[in-house]
Structures are given as C-alpha cells and as structure tokens.
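structure-v8.json follows; it contains JSON, C-alpha atoms.
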[["chain", "number", "residue", "atom", "x", "y", "z"],
["F", 293, "MET", "CA", 75.58, 37.25, -18.76],
["F", 294, "ASN", "CA", 72.13, 38.74, -18.68],
["F", 295, "SER", "CA", 69.95, 37.92, -15.73],
["F", 296, "HIS", "CA", 66.22, 37.51, -16.28],
["F", 297, "SER", "CA", 63.61, 38.23, -13.67],
["F", 298, "PRO", "CA", 61.05, 35.44, -13.20],
["F", 299, "MET", "CA", 57.75, 36.16, -14.93],
["F", 300, "PRO", "CA", 54.90, 36.72, -12.51],
["F", 301, "LEU", "CA", 52.28, 33.97, -12.39],
["F", 302, "PRO", "CA", 48.76, 34.94, -13.42],
["F", 303, "ARG", "CA", 46.52, 35.58, -10.45],
["F", 304, "THR", "CA", 43.45, 33.32, -10.24],
["F", 305, "ARG", "CA", 40.36, 35.05, -9.01],
["F", 306, "GLY", "CA", 38.19, 32.97, -6.62],
["F", 307, "PHE", "CA", 34.52, 33.27, -5.86],
["F", 308, "SER", "CA", 33.50, 35.94, -3.49],
["F", 309, "LEU", "CA", 31.36, 35.16, -0.44],
["F", 310, "THR", "CA", 28.42, 36.94, -2.05],
["F", 311, "GLU", "CA", 28.69, 34.82, -5.19],
["F", 312, "LEU", "CA", 28.83, 31.61, -3.17],
["F", 313, "LEU", "CA", 25.73, 32.63, -1.20],
["F", 314, "VAL", "CA", 23.85, 33.35, -4.41],
["F", 315, "VAL", "CA", 24.75, 29.92, -5.84],
["F", 316, "ILE", "CA", 23.66, 28.17, -2.62],
["F", 317, "ALA", "CA", 20.38, 30.10, -2.62],
["F", 318, "LEU", "CA", 19.66, 29.10, -6.23],
["F", 319, "MET", "CA", 20.41, 25.44, -5.52],
["F", 320, "THR", "CA", 18.08, 25.52, -2.50],
["F", 321, "ILE", "CA", 15.26, 26.98, -4.59],
["F", 322, "LEU", "CA", 15.73, 24.36, -7.32],
["F", 323, "MET", "CA", 15.77, 21.50, -4.81],
["F", 324, "ALA", "CA", 12.63, 22.81, -3.08],
["F", 325, "ALA", "CA", 10.84, 23.02, -6.42],
["F", 326, "ALA", "CA", 11.76, 19.40, -7.23],
["F", 327, "VAL", "CA", 10.54, 17.91, -3.93],
["F", 328, "PRO", "CA", 6.75, 17.96, -4.68],
["F", 329, "GLY", "CA", 7.28, 16.22, -8.01],
["F", 330, "THR", "CA", 9.52, 13.60, -6.41],
["F", 331, "ASN", "CA", 7.03, 12.96, -3.60],
["F", 332, "SER", "CA", 4.18, 12.64, -6.10],
["F", 333, "LEU", "CA", 6.14, 10.14, -8.19],
["F", 334, "LEU", "CA", 7.01, 8.10, -5.09],
["F", 335, "GLU", "CA", 3.39, 8.07, -3.92],
["F", 336, "ASN", "CA", 2.24, 7.03, -7.39],
["F", 337, "ASN", "CA", 4.68, 4.11, -7.38],
["F", 338, "ASN", "CA", 3.63, 3.06, -3.87],
["F", 339, "ILE", "CA", -0.06, 3.05, -4.79],
["F", 340, "THR", "CA", 0.61, 0.98, -7.90],
["F", 341, "GLN", "CA", 2.73, -1.42, -5.84],
["F", 342, "THR", "CA", -0.02, -1.80, -3.21],
["F", 343, "GLY", "CA", -2.69, -2.50, -5.81],
["F", 344, "GLN", "CA", -0.52, -5.23, -7.30],
["F", 345, "LEU", "CA", 0.29, -6.53, -3.82],
["F", 346, "LEU", "CA", -3.41, -6.96, -3.01],
["F", 347, "ALA", "CA", -4.11, -8.64, -6.35],
["F", 348, "ASP", "CA", -1.20, -11.03, -5.74],
["F", 349, "GLN", "CA", -2.52, -11.93, -2.28],
["F", 350, "PHE", "CA", -5.97, -12.66, -3.69],
["F", 351, "ALA", "CA", -4.39, -14.86, -6.38],
["F", 352, "MET", "CA", -2.33, -16.66, -3.75],
["F", 353, "ALA", "CA", -5.46, -17.26, -1.68],
["F", 354, "ARG", "CA", -7.26, -18.72, -4.69],
["F", 355, "GLN", "CA", -4.36, -21.07, -5.40],
["F", 356, "ALA", "CA", -4.01, -22.14, -1.76],
["F", 357, "ALA", "CA", -7.74, -22.79, -1.45],
["F", 358, "SER", "CA", -7.70, -24.96, -4.58],
["F", 359, "VAL", "CA", -4.57, -26.92, -3.61],
["F", 360, "ARG", "CA", -5.65, -27.47, 0.01],
["F", 361, "ASN", "CA", -9.31, -27.96, -0.87],
["F", 362, "ARG", "CA", -10.11, -25.67, 2.05],
["F", 363, "THR", "CA", -11.48, -22.18, 2.37],
["F", 364, "VAL", "CA", -8.71, -19.59, 2.78],
["F", 365, "GLU", "CA", -9.25, -16.48, 4.86],
["F", 366, "ILE", "CA", -7.85, -13.13, 3.76],
["F", 367, "ARG", "CA", -7.35, -10.74, 6.66],
["F", 368, "LEU", "CA", -7.13, -7.03, 5.93],
["F", 369, "ILE", "CA", -5.38, -5.74, 9.03],
["F", 370, "LYS", "CA", -5.30, -2.34, 10.67],
["F", 371, "LEU", "CA", -1.86, -1.14, 11.72],
["F", 372, "PRO", "CA", -0.64, 2.29, 12.86],
["F", 373, "VAL", "CA", -0.19, 4.72, 9.97],
["F", 374, "GLN", "CA", 0.97, 8.13, 11.17],
["F", 375, "SER", "CA", -0.39, 7.28, 14.66],
["F", 376, "THR", "CA", -3.85, 6.25, 13.34],
["F", 377, "GLN", "CA", -5.07, 2.68, 12.83],
["F", 378, "ARG", "CA", -5.63, 2.09, 9.11],
["F", 379, "TYR", "CA", -6.04, -0.95, 6.85],
["F", 380, "SER", "CA", -2.43, -1.27, 5.77],
["F", 381, "ALA", "CA", -1.51, -4.98, 5.86],
["F", 382, "VAL", "CA", -2.80, -8.34, 4.66],
["F", 383, "GLN", "CA", -2.25, -11.96, 5.65],
["F", 384, "LEU", "CA", -3.69, -15.31, 4.57],
["F", 385, "TRP", "CA", -5.04, -17.85, 7.07],
["F", 386, "ALA", "CA", -6.36, -21.38, 6.60],
["F", 387, "PRO", "CA", -7.34, -24.36, 8.76],
["F", 388, "ASP", "CA", -4.41, -26.51, 9.81],
["F", 389, "THR", "CA", -4.54, -29.81, 7.94],
["F", 390, "THR", "CA", -4.09, -31.74, 11.20],
["F", 391, "THR", "CA", -5.93, -29.81, 13.88],
["F", 392, "GLY", "CA", -8.31, -27.74, 11.77],
["F", 393, "THR", "CA", -7.31, -24.65, 13.74],
["F", 394, "LEU", "CA", -6.91, -21.45, 11.73],
["F", 395, "ALA", "CA", -3.25, -20.51, 11.25],
["F", 396, "PRO", "CA", -1.36, -18.10, 8.98],
["F", 397, "ILE", "CA", -0.06, -19.64, 5.76],
["F", 398, "ASN", "CA", 2.19, -16.72, 4.80],
["F", 399, "ARG", "CA", 4.06, -13.89, 6.42],
["F", 400, "LEU", "CA", 2.38, -10.59, 7.18],
["F", 401, "VAL", "CA", 2.50, -8.35, 4.11],
["F", 402, "THR", "CA", 2.49, -4.62, 4.88],
["F", 403, "PHE", "CA", 1.69, -1.84, 2.45],
["F", 404, "PRO", "CA", 4.31, 0.73, 1.46],
["F", 405, "LYS", "CA", 4.68, 3.72, 3.76],
["F", 406, "ASN", "CA", 1.56, 5.90, 4.21],
["F", 407, "ILE", "CA", -0.58, 3.81, 1.83],
["F", 408, "THR", "CA", -3.88, 2.37, 3.04],
["F", 409, "LEU", "CA", -7.38, 1.30, 1.97],
["F", 410, "SER", "CA", -10.14, 3.86, 1.69],
["F", 411, "GLU", "CA", -12.69, 3.40, 4.47],
["F", 412, "ASN", "CA", -15.33, 5.41, 2.67],
["F", 413, "ASN", "CA", -18.25, 3.15, 1.69],
["F", 414, "ALA", "CA", -18.42, 4.75, -1.73],
["F", 415, "TYR", "CA", -14.84, 3.81, -2.60],
["F", 416, "SER", "CA", -14.39, 0.52, -0.71],
["F", 417, "PRO", "CA", -17.99, -0.74, -0.46],
["F", 418, "PHE", "CA", -17.00, -4.37, 0.06],
["F", 419, "LEU", "CA", -14.94, -3.42, 3.11],
["F", 420, "SER", "CA", -18.06, -2.33, 5.02],
["F", 421, "LYS", "CA", -19.69, -5.73, 4.32],
["F", 422, "LEU", "CA", -16.87, -7.77, 5.84],
["F", 423, "PRO", "CA", -17.01, -9.21, 9.35],
["F", 424, "THR", "CA", -14.41, -7.76, 11.70],
["F", 425, "ALA", "CA", -12.49, -9.22, 14.62],
["F", 426, "THR", "CA", -9.40, -8.64, 16.74],
["F", 427, "MET", "CA", -6.12, -10.54, 16.78],
["F", 428, "SER", "CA", -5.18, -12.29, 20.00],
["F", 429, "ALA", "CA", -2.93, -10.56, 22.50],
["F", 430, "THR", "CA", -0.28, -13.22, 21.79],
["F", 431, "ALA", "CA", -0.18, -12.64, 18.02],
["F", 432, "GLY", "CA", 3.14, -10.79, 18.25],
["F", 433, "SER", "CA", 4.11, -7.23, 19.06],
["F", 434, "LEU", "CA", 2.93, -5.82, 15.72],
["F", 435, "LEU", "CA", -0.33, -7.79, 15.48],
["F", 436, "ALA", "CA", -1.33, -8.06, 19.13],
["F", 437, "ASN", "CA", -4.95, -6.89, 19.47],
["F", 438, "ALA", "CA", -4.93, -5.55, 15.92],
["F", 439, "SER", "CA", -8.34, -5.18, 14.27],
["F", 440, "TYR", "CA", -8.99, -6.84, 10.93],
["F", 441, "ALA", "CA", -11.71, -7.45, 8.35],
["F", 442, "THR", "CA", -12.15, -10.89, 6.81],
["F", 443, "LEU", "CA", -13.12, -12.23, 3.42],
["F", 444, "ARG", "CA", -12.82, -15.84, 2.33],
["F", 445, "ILE", "CA", -12.17, -17.66, -0.90],
["F", 446, "ARG", "CA", -13.54, -21.17, -1.29],
["F", 447, "PRO", "CA", -11.75, -23.92, -3.24],
["F", 448, "ASN", "CA", -14.00, -23.25, -6.25],
["F", 449, "GLY", "CA", -13.00, -19.57, -6.22],
["F", 450, "VAL", "CA", -16.27, -18.17, -4.86],
["F", 451, "VAL", "CA", -15.76, -15.14, -2.61],
["F", 452, "GLN", "CA", -17.43, -14.99, 0.79],
["F", 453, "PRO", "CA", -19.42, -13.25, 2.12],
["F", 454, "VAL", "CA", -21.37, -14.05, -1.03],
["F", 455, "ALA", "CA", -22.87, -11.09, -2.87],
["F", 456, "SER", "CA", -26.64, -11.52, -2.84],
["F", 457, "ASN", "CA", -27.65, -9.21, -5.69],
["F", 458, "THR", "CA", -26.33, -7.54, -8.82],
["F", 459, "THR", "CA", -25.38, -4.31, -7.02],
["F", 460, "GLU", "CA", -23.39, -6.11, -4.34],
["F", 461, "ARG", "CA", -21.67, -8.27, -6.94],
["F", 462, "ALA", "CA", -20.52, -5.11, -8.71],
["F", 463, "ASN", "CA", -19.30, -3.60, -5.44],
["F", 464, "LEU", "CA", -16.62, -6.14, -4.59],
["F", 465, "PHE", "CA", -13.79, -3.63, -4.78],
["F", 466, "PHE", "CA", -11.32, -1.74, -2.62],
["F", 467, "THR", "CA", -9.63, 1.60, -3.25],
["F", 468, "VAL", "CA", -5.95, 2.10, -2.44],
["F", 469, "LEU", "CA", -4.75, 5.63, -1.64],
["F", 470, "ASN", "CA", -2.64, 7.81, 0.63],
["F", 471, "TYR", "CA", -3.57, 7.66, 4.32],
["F", 472, "ARG", "CA", -4.60, 11.34, 4.27],
["F", 473, "SER", "CA", -7.59, 10.39, 2.11],
["F", 474, "ALA", "CA", -8.59, 7.23, 3.99],
["F", 475, "THR", "CA", -11.92, 8.66, 5.16],
["F", 476, "ALA", "CA", -12.28, 11.48, 2.61],
["F", 477, "THR", "CA", -15.59, 11.92, 0.80],
["F", 478, "THR", "CA", -13.88, 12.67, -2.50],
["F", 479, "LEU", "CA", -11.21, 10.69, -4.27],
["F", 480, "PRO", "CA", -7.73, 12.18, -4.67],
["F", 481, "ASN", "CA", -6.16, 12.35, -8.10],
["F", 482, "ASN", "CA", -3.90, 9.44, -7.29],
["F", 483, "TYR", "CA", -5.47, 6.09, -6.36],
["F", 484, "ALA", "CA", -5.95, 2.49, -7.50],
["F", 485, "THR", "CA", -9.01, 0.25, -7.39],
["F", 486, "VAL", "CA", -8.80, -3.52, -6.96],
["F", 487, "GLN", "CA", -11.96, -5.38, -7.97],
["F", 488, "LEU", "CA", -12.75, -9.02, -7.18],
["F", 489, "ASN", "CA", -14.76, -11.37, -9.35],
["F", 490, "PRO", "CA", -17.32, -12.87, -6.92],
["F", 491, "ASP", "CA", -17.39, -16.21, -8.76],
["F", 492, "THR", "CA", -13.70, -16.84, -9.43],
["F", 493, "GLY", "CA", -11.87, -14.69, -6.86],
["F", 494, "SER", "CA", -9.70, -13.19, -9.59],
["F", 495, "ALA", "CA", -8.64, -9.56, -9.15],
["F", 496, "GLN", "CA", -8.43, -6.69, -11.62],
["F", 497, "ILE", "CA", -6.54, -3.45, -10.97],
["F", 498, "TYR", "CA", -7.76, -0.11, -12.28],
["F", 499, "ARG", "CA", -5.85, 3.18, -12.32],
["F", 500, "PRO", "CA", -7.19, 6.64, -13.24]]
Written as structure tokens, that's how I'd like the structure from this file.
Amino acid sequence: MNSHSPMPLPRTRGFSLTELLVVIALMTILMAAAVPGTNSLLENNNITQTGQLLADQFAMARQAASVRNRTVEIRLIKLPVQSTQRYSAVQLWAPDTTTGTLAPINRLVTFPKNITLSENNAYSPFLSKLPTATMSATAGSLLANASYATLRIRPNGVVQPVASNTTERANLFFTVLNYRSATATTLPNNYATVQLNPDTGSAQIYRP
C-alpha cells in the first residue's frame, strides 16, 4: 500500500502593519474632507427648520388671536447660545380669559442648535423696533430673568407695533442665521428671512 503525504495548505498572506497604517491614514483624510460638507448641510437644514418654526408660531398667534378675540403676544426670547445671550426661542402669551393676566398659551419653542436671529438692524430691522422686557425670576430655570422682545397680533391680524410708513411696513422681517453671524455687518451665504404682512400677520419665508 502506498502512503501519501498530506498536501500542504496554501499560506494566506495578511496585511502588514505598514499597509494597515496607510489604510487608516486614507480613511482619516476622507472623513476629514467630508466633515465640512456635512456640517454645512446640517446648518442649512437647521436654518430652514427655524424659518418654518417662526412662520408657524406667527400663524398660531394669528389663529389664537382670532379664536380668543384677544391680542396675542409673541415673545422672541434670548437664551444662551455658546455662552452668549441670543434670540433663540419663541413663546406665545395671551390674557387669561378669567383674570386677564398674561400667561403662556404654548410651550417654549427653542431654535435648533447654534441658530439665532440676526441682531443687525439691516437684516432684522423690525427687531430693533420692538419693546423689550425681562422675564420674572420665577419663570423657571431656563427663562428666569431672560430678556425678550415683544410683538403682538390683534384679532383682525394687524401686527403691533403698527408700522407708521411705507418703509417700516416693508421692514417687518427677521433674518435667521448661525450664531457666529448674529451681529455681523454682512450676511453669510446661508440664511433665511421671515417677513410679516403688517395687515394680516401672515408670514413668508425667503431663502437665498
């Protein structure tokens, strides 16, 4: 009987340490290159979302004012954004039907992360016309002593403070952008503008 020696198995060559390091380096470079585009897309979505959020709040205020037959107050509230107070939240207030005391009629609505209103008069001219005040110290941990600007919508849809001339009527708008550009003198490439109709309180969103 002939005896046969077992055939040797083929040897599988693995990756060397140098090859693995090269692959890791290439993956790191590709991921780093993709981050700016991803951040830009996220910021774009957040700005669009905030513009729609503001328009929805204005529409809700119009509806509440009509249903309640009372003027509804829209508070644009400053909250900390990267350690600086910026207009980054909104809440609706109206007189209580029993006591007449102003009270919130919805929950606080905050903007997406790092998104705020421009505080430059050229880009949010209506903001500079609004009266400002401070929340009470008992308003809750987030809102305690927070500053806010106020506009009102009457039951017939008229926005207050009322624009007194053609220029002011055309300047009832706010610009939404990243917090880094909140006080900038030039607009960034990415922003949204929300314009109010002074007679109806309806809002229109514009994007570049």
Find the distance between CA of Thr459 (chain F) and CA of Ala351 (chain F) and write it in Å to one decimal.
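Here the two named atoms are 23.5 Å from each other.
Across the model, the gap from CA of Tyr415 (chain F) to CA of Val401 (chain F) is 22.2 Å.
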Which residues come within 7 Å of region 418-427 of chain F, counting only C-alpha atoms, excluding same-chain residues fewer than 6 positions away, as a PDB file with C-alpha atoms, in the coordinates of the input?
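The resulting file, around_16.pdb, is shown below:
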ATOM      1  CA  LEU F 435      -0.330  -7.790  15.480  1.00  0.00           C
ATOM      2  CA  ALA F 436      -1.330  -8.060  19.130  1.00  0.00           C
ATOM      3  CA  ASN F 437      -4.950  -6.890  19.470  1.00  0.00           C
ATOM      4  CA  ALA F 438      -4.930  -5.550  15.920  1.00  0.00           C
ATOM      5  CA  SER F 439      -8.340  -5.180  14.270  1.00  0.00           C
ATOM      6  CA  TYR F 440      -8.990  -6.840  10.930  1.00  0.00           C
ATOM      7  CA  ALA F 441     -11.710  -7.450   8.350  1.00  0.00           C
ATOM      8  CA  THR F 442     -12.150 -10.890   6.810  1.00  0.00           C
ATOM      9  CA  LEU F 443     -13.120 -12.230   3.420  1.00  0.00           C
ATOM     10  CA  ASN F 463     -19.300  -3.600  -5.440  1.00  0.00           C
ATOM     11  CA  LEU F 464     -16.620  -6.140  -4.590  1.00  0.00           C
ATOM     12  CA  PHE F 465     -13.790  -3.630  -4.780  1.00  0.00           C
ATOM     13  CA  PHE F 466     -11.320  -1.740  -2.620  1.00  0.00           C
TER      14      PHE F 466
END
Pick from F:Leu346, F:Ile407, F:Leu434, F:Val450, whichever lies nearest to Tyr471 (chain F) using only C-alpha atoms
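Closest to Tyr471 (chain F) of all the choices is F:Ile407.
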Taken to one decimal, the CA of Thr458 (chain F)-CA of Arg367 (chain F) distance is 24.7 Å
Which residues, protein or nucleic acid, reach to within 12 Å of (4.6, -22.1, 5.4) in the file's coordinates when using all atoms listed in the file, and can you give that as a PyMOL selection string?
chain F and resi 356+384-386+388+395-400
Residue neighbourhood Phe350 (chain F), 10 Å, all atoms listed in the file, exclusion window fewer than 6 positions, as a list in words:
Gln344, Ala356, Val364, Glu365, Ile366, Val382, Leu384, Arg444, Ile445, Leu488, Gly493, Ser494 and Ala495 of chain F
N, CA and C atoms are needed for region 394-430 of chain F; please write them out as a PDB file, in the frame of the given file.
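This went into rebuild25.pdb:
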ATOM      1  N   LEU F 394      -7.385 -22.475  12.658  1.00  0.00           N
ATOM      2  CA  LEU F 394      -6.910 -21.450  11.730  1.00  0.00           C
ATOM      3  C   LEU F 394      -5.486 -21.019  12.083  1.00  0.00           C
ATOM      4  N   ALA F 395      -4.648 -20.919  11.060  1.00  0.00           N
ATOM      5  CA  ALA F 395      -3.250 -20.510  11.250  1.00  0.00           C
ATOM      6  C   ALA F 395      -2.794 -19.758  10.011  1.00  0.00           C
ATOM      7  N   PRO F 396      -1.860 -18.825  10.162  1.00  0.00           N
ATOM      8  CA  PRO F 396      -1.360 -18.100   8.980  1.00  0.00           C
ATOM      9  C   PRO F 396      -0.597 -19.027   8.044  1.00  0.00           C
ATOM     10  N   ILE F 397      -0.770 -18.816   6.748  1.00  0.00           N
ATOM     11  CA  ILE F 397      -0.060 -19.640   5.760  1.00  0.00           C
ATOM     12  C   ILE F 397       0.989 -18.815   5.011  1.00  0.00           C
ATOM     13  N   ASN F 398       1.118 -17.547   5.361  1.00  0.00           N
ATOM     14  CA  ASN F 398       2.190 -16.720   4.800  1.00  0.00           C
ATOM     15  C   ASN F 398       2.566 -15.647   5.817  1.00  0.00           C
ATOM     16  N   ARG F 399       3.631 -14.959   5.534  1.00  0.00           N
ATOM     17  CA  ARG F 399       4.060 -13.890   6.420  1.00  0.00           C
ATOM     18  C   ARG F 399       3.168 -12.672   6.248  1.00  0.00           C
ATOM     19  N   LEU F 400       3.119 -11.843   7.265  1.00  0.00           N
ATOM     20  CA  LEU F 400       2.380 -10.590   7.180  1.00  0.00           C
ATOM     21  C   LEU F 400       2.963  -9.733   6.053  1.00  0.00           C
ATOM     22  N   VAL F 401       2.083  -9.213   5.210  1.00  0.00           N
ATOM     23  CA  VAL F 401       2.500  -8.350   4.110  1.00  0.00           C
ATOM     24  C   VAL F 401       1.986  -6.946   4.393  1.00  0.00           C
ATOM     25  N   THR F 402       2.888  -6.000   4.580  1.00  0.00           N
ATOM     26  CA  THR F 402       2.490  -4.620   4.880  1.00  0.00           C
ATOM     27  C   THR F 402       2.558  -3.768   3.633  1.00  0.00           C
ATOM     28  N   PHE F 403       1.703  -2.760   3.584  1.00  0.00           N
ATOM     29  CA  PHE F 403       1.690  -1.840   2.450  1.00  0.00           C
ATOM     30  C   PHE F 403       2.894  -0.892   2.535  1.00  0.00           C
ATOM     31  N   PRO F 404       3.264  -0.294   1.418  1.00  0.00           N
ATOM     32  CA  PRO F 404       4.310   0.730   1.460  1.00  0.00           C
ATOM     33  C   PRO F 404       3.911   1.883   2.384  1.00  0.00           C
ATOM     34  N   LYS F 405       4.886   2.657   2.790  1.00  0.00           N
ATOM     35  CA  LYS F 405       4.680   3.720   3.760  1.00  0.00           C
ATOM     36  C   LYS F 405       3.556   4.675   3.358  1.00  0.00           C
ATOM     37  N   ASN F 406       2.649   4.923   4.325  1.00  0.00           N
ATOM     38  CA  ASN F 406       1.560   5.900   4.210  1.00  0.00           C
ATOM     39  C   ASN F 406       0.475   5.510   3.210  1.00  0.00           C
ATOM     40  N   ILE F 407       0.452   4.270   2.749  1.00  0.00           N
ATOM     41  CA  ILE F 407      -0.580   3.810   1.830  1.00  0.00           C
ATOM     42  C   ILE F 407      -1.566   2.917   2.586  1.00  0.00           C
ATOM     43  N   THR F 408      -2.849   3.099   2.313  1.00  0.00           N
ATOM     44  CA  THR F 408      -3.880   2.370   3.040  1.00  0.00           C
ATOM     45  C   THR F 408      -5.092   2.146   2.138  1.00  0.00           C
ATOM     46  N   LEU F 409      -6.122   1.466   2.679  1.00  0.00           N
ATOM     47  CA  LEU F 409      -7.380   1.300   1.970  1.00  0.00           C
ATOM     48  C   LEU F 409      -8.328   2.428   2.351  1.00  0.00           C
ATOM     49  N   SER F 410      -9.097   2.894   1.381  1.00  0.00           N
ATOM     50  CA  SER F 410     -10.140   3.860   1.690  1.00  0.00           C
ATOM     51  C   SER F 410     -11.184   3.197   2.578  1.00  0.00           C
ATOM     52  N   GLU F 411     -11.639   3.916   3.595  1.00  0.00           N
ATOM     53  CA  GLU F 411     -12.690   3.400   4.470  1.00  0.00           C
ATOM     54  C   GLU F 411     -14.027   4.082   4.198  1.00  0.00           C
ATOM     55  N   ASN F 412     -14.087   4.806   3.097  1.00  0.00           N
ATOM     56  CA  ASN F 412     -15.330   5.410   2.670  1.00  0.00           C
ATOM     57  C   ASN F 412     -16.155   4.353   1.918  1.00  0.00           C
ATOM     58  N   ASN F 413     -17.411   4.183   2.289  1.00  0.00           N
ATOM     59  CA  ASN F 413     -18.250   3.150   1.690  1.00  0.00           C
ATOM     60  C   ASN F 413     -18.403   3.303   0.182  1.00  0.00           C
ATOM     61  N   ALA F 414     -18.270   4.525  -0.301  1.00  0.00           N
ATOM     62  CA  ALA F 414     -18.420   4.750  -1.730  1.00  0.00           C
ATOM     63  C   ALA F 414     -17.232   4.218  -2.525  1.00  0.00           C
ATOM     64  N   TYR F 415     -16.065   4.160  -1.894  1.00  0.00           N
ATOM     65  CA  TYR F 415     -14.840   3.810  -2.600  1.00  0.00           C
ATOM     66  C   TYR F 415     -14.287   2.433  -2.221  1.00  0.00           C
ATOM     67  N   SER F 416     -14.715   1.902  -1.093  1.00  0.00           N
ATOM     68  CA  SER F 416     -14.390   0.520  -0.710  1.00  0.00           C
ATOM     69  C   SER F 416     -15.660  -0.119  -0.150  1.00  0.00           C
ATOM     70  N   PRO F 417     -16.700  -0.258  -0.980  1.00  0.00           N
ATOM     71  CA  PRO F 417     -17.990  -0.740  -0.460  1.00  0.00           C
ATOM     72  C   PRO F 417     -17.939  -2.147   0.110  1.00  0.00           C
ATOM     73  N   PHE F 418     -17.071  -2.994  -0.441  1.00  0.00           N
ATOM     74  CA  PHE F 418     -17.000  -4.370   0.060  1.00  0.00           C
ATOM     75  C   PHE F 418     -16.428  -4.414   1.463  1.00  0.00           C
ATOM     76  N   LEU F 419     -15.567  -3.439   1.791  1.00  0.00           N
ATOM     77  CA  LEU F 419     -14.940  -3.420   3.110  1.00  0.00           C
ATOM     78  C   LEU F 419     -15.978  -3.316   4.216  1.00  0.00           C
ATOM     79  N   SER F 420     -17.031  -2.529   3.987  1.00  0.00           N
ATOM     80  CA  SER F 420     -18.060  -2.330   5.020  1.00  0.00           C
ATOM     81  C   SER F 420     -18.928  -3.577   5.197  1.00  0.00           C
ATOM     82  N   LYS F 421     -18.887  -4.513   4.230  1.00  0.00           N
ATOM     83  CA  LYS F 421     -19.690  -5.730   4.320  1.00  0.00           C
ATOM     84  C   LYS F 421     -18.963  -6.866   5.036  1.00  0.00           C
ATOM     85  N   LEU F 422     -17.673  -6.680   5.286  1.00  0.00           N
ATOM     86  CA  LEU F 422     -16.870  -7.770   5.840  1.00  0.00           C
ATOM     87  C   LEU F 422     -16.992  -7.852   7.354  1.00  0.00           C
ATOM     88  N   PRO F 423     -17.048  -9.071   7.893  1.00  0.00           N
ATOM     89  CA  PRO F 423     -17.010  -9.210   9.350  1.00  0.00           C
ATOM     90  C   PRO F 423     -15.659  -8.780   9.893  1.00  0.00           C
ATOM     91  N   THR F 424     -15.652  -8.225  11.082  1.00  0.00           N
ATOM     92  CA  THR F 424     -14.410  -7.760  11.700  1.00  0.00           C
ATOM     93  C   THR F 424     -14.151  -8.514  12.996  1.00  0.00           C
ATOM     94  N   ALA F 425     -12.897  -8.542  13.386  1.00  0.00           N
ATOM     95  CA  ALA F 425     -12.490  -9.220  14.620  1.00  0.00           C
ATOM     96  C   ALA F 425     -11.193  -8.598  15.088  1.00  0.00           C
ATOM     97  N   THR F 426     -10.635  -9.158  16.165  1.00  0.00           N
ATOM     98  CA  THR F 426      -9.400  -8.640  16.740  1.00  0.00           C
ATOM     99  C   THR F 426      -8.413  -9.789  16.931  1.00  0.00           C
ATOM    100  N   MET F 427      -7.176  -9.549  16.572  1.00  0.00           N
ATOM    101  CA  MET F 427      -6.120 -10.540  16.780  1.00  0.00           C
ATOM    102  C   MET F 427      -5.949 -10.795  18.272  1.00  0.00           C
ATOM    103  N   SER F 428      -5.424 -11.965  18.594  1.00  0.00           N
ATOM    104  CA  SER F 428      -5.180 -12.290  20.000  1.00  0.00           C
ATOM    105  C   SER F 428      -4.035 -11.447  20.539  1.00  0.00           C
ATOM    106  N   ALA F 429      -3.984 -11.349  21.846  1.00  0.00           N
ATOM    107  CA  ALA F 429      -2.930 -10.560  22.500  1.00  0.00           C
ATOM    108  C   ALA F 429      -1.566 -11.223  22.340  1.00  0.00           C
ATOM    109  N   THR F 430      -1.539 -12.488  21.934  1.00  0.00           N
ATOM    110  CA  THR F 430      -0.280 -13.220  21.790  1.00  0.00           C
ATOM    111  C   THR F 430       0.150 -13.333  20.330  1.00  0.00           C
TER     112      THR F 430
END
